[in-house]
Amino acid sequence: MAWTKNKIKDGFDKFYQEHGRYPTALEIDEYADLPSSRQIQRRFGGLPKLRQELGLETLDFTKGSIRSQKAQYIGKRGLDFEKEIRKVLLEKFGEVFVHEQKPFNDYVGRLDFFVYAKNNKFGIDVFFASDIHSLMGCINYKQRLYKNFTDGLILLQLNPEIDQRIIDQCLSNKKNALPSNIAVLSLDKFLEFLKTIQPLHVL
DNA sequence: TCAGATGGCCGGCGAGAAAG
DNA sequence: CTTTCTCGCCGGCCATCTGA
């Protein structure tokens with residue numbers, strides 16, 4: 001049974017009644033009374049085009065005020081989590097041995113943290129992924145970003161709903177695997193890892 | 001039986017905020 | 001000006017379904 005525009009409109013309206021707004025691509029995919037967002041792209045020339053034809057208010061969630069609000073939220077969330085991790089690292093290793101915003105790759109990019117410990121030094125990049133697709137996107141993005149980075153690097157994922165099992169599943173599905181110096185850890189696993197690292201001390 | 005419709009996975013990219 | 005960061009969307013690709 002082919003999806004018609006009217007049938008999709010019914011699904012959109014049903015979603016609206018339940019949520020007070022219309023769905024994004026991911027929400028369309030998860031909603032039983034709607035086709036896949038992929039199919040909407042193929043059959044109707046994309047989500048913004050279909051939304052326009054259905055007369056919806058928000059045509060594209062990646063632009064305008066709706067995006068602006070989301071970007072602000074993302075920025076604040078990132079800063080708050082980074083402060084928390086900063087506190088944990090400083091308590092354990094001390095100010096002298098935790099470098100923030102360390103330049104690397106000829107000062108092209110910057111790390112969140114770089115830690116000097118006993119017989120060990122490693123970089124940390126803190127991030128928050130709202131869902132599994134975002135997780136994939138962030139990991140791929142950072143893989144490109146850090147492709148010339150040779151020290152050990154921890155990508156620290158801070159969404160508590162995404163645990164290490166989900167992360168490992170995601171990594172095993174990756175087509176081009178991460179290089180061996182890069183690990184992706186949940187907060188739990190990261191704290192476990194920190195227990196195995198001895199701080200440097202000034203005598 | 002088989003071509004078109006559909007679902008779903010994965011990678012890439014641009015929008016916008018924020019900070020140097 | 002430059003950069004990073006995440007989200008929402010698009011497109012390539014392949015597997016599965018469906019109906020004539």
# chains A, B, ... in the order shown; residues from 1 in each chain; ligands from 1

$ interface_residues --of "chain B" --to "chain A" --cutoff "10 Å" --atoms "only C-alpha atoms (C1' of nucleotides)" --output "ChimeraX atom specification"
/B:5-12,14-18

$ write_last_selection --atoms "C-alpha atoms (C1' of nucleotides)" --output "mmCIF file, in the first residue's frame"
data_model
loop_
_atom_site.group_PDB
_atom_site.id
_atom_site.type_symbol
_atom_site.label_atom_id
_atom_site.label_comp_id
_atom_site.auth_asym_id
_atom_site.auth_seq_id
_atom_site.Cartn_x
_atom_site.Cartn_y
_atom_site.Cartn_z
ATOM 1 C "C1'" DA B 5 7.816 0.569 -3.009
ATOM 2 C "C1'" DT B 6 9.608 0.699 1.428
ATOM 3 C "C1'" DG B 7 12.631 0.276 5.652
ATOM 4 C "C1'" DG B 8 16.852 1.088 7.604
ATOM 5 C "C1'" DC B 9 21.891 1.722 8.143
ATOM 6 C "C1'" DC B 10 25.724 4.754 7.658
ATOM 7 C "C1'" DG B 11 28.453 8.862 6.293
ATOM 8 C "C1'" DG B 12 28.526 13.703 5.154
ATOM 9 C "C1'" DG B 14 25.229 22.976 6.518
ATOM 10 C "C1'" DA B 15 22.864 25.933 10.194
ATOM 11 C "C1'" DG B 16 23.530 28.523 14.143
ATOM 12 C "C1'" DA B 17 25.794 29.633 18.837
ATOM 13 C "C1'" DA B 18 29.909 30.472 21.143
#

$ closest_atom_pairs --of "chain C" --to "chain A" --cutoff "9 Å" --atoms "only C-alpha atoms (C1' of nucleotides)" --output "tab-separated table"
residue	atom	partner	partner_atom	distance
C:DT3	C1'	A:Gly109	CA	7.5
C:DT4	C1'	A:Gly109	CA	8.2
C:DC5	C1'	A:Gly75	CA	7.8
C:DT6	C1'	A:Ile74	CA	6.8
C:DC7	C1'	A:Ser134	CA	7.2
C:DG8	C1'	A:Thr62	CA	5.4
C:DC9	C1'	A:Ala25	CA	7.4
C:DC10	C1'	A:Gln41	CA	7.8
C:DT18	C1'	A:Met1	CA	7.8
C:DG19	C1'	A:Met1	CA	8.9

$ atom_distance --atom1 "CA of Gln52 in chain A" --atom2 "CA of Thr4 in chain A"
15.4 Å

$ select_by_dssp --residues "range 8-198 of chain A" --states "strand (DSSP E)" --output "count of residues only"
31

$ atom_distance --atom1 "CA of Pro199 in chain A" --atom2 "CA of Ser186 in chain A"
21.2 Å

$ select_by_dssp --residues "range 65-154 of chain A" --states "alpha helix (DSSP H)" --output "number ranges by chain"
A: 65-93, 132-145

$ residues_around --residues "Lys7 in chain A" --least-positions-apart "5" --cutoff "9 Å" --atoms "only C-alpha atoms (C1' of nucleotides)" --output "PyMOL selection string"
chain A and resi 12+33-34

$ write_last_selection --atoms "N, CA and C atoms" --output "PDB file, in the first residue's frame"
ATOM      1  N   PHE A  12       0.713  12.915  10.704  1.00  0.00           N
ATOM      2  CA  PHE A  12       1.261  14.154  11.274  1.00  0.00           C
ATOM      3  C   PHE A  12       0.292  14.756  12.294  1.00  0.00           C
ATOM      4  N   ASP A  33       2.576   5.415  12.622  1.00  0.00           N
ATOM      5  CA  ASP A  33       1.580   5.837  11.639  1.00  0.00           C
ATOM      6  C   ASP A  33       2.156   6.751  10.560  1.00  0.00           C
ATOM      7  N   LEU A  34       3.470   6.716  10.425  1.00  0.00           N
ATOM      8  CA  LEU A  34       4.120   7.499   9.374  1.00  0.00           C
ATOM      9  C   LEU A  34       5.141   6.619   8.651  1.00  0.00           C
TER      10      LEU A  34
END
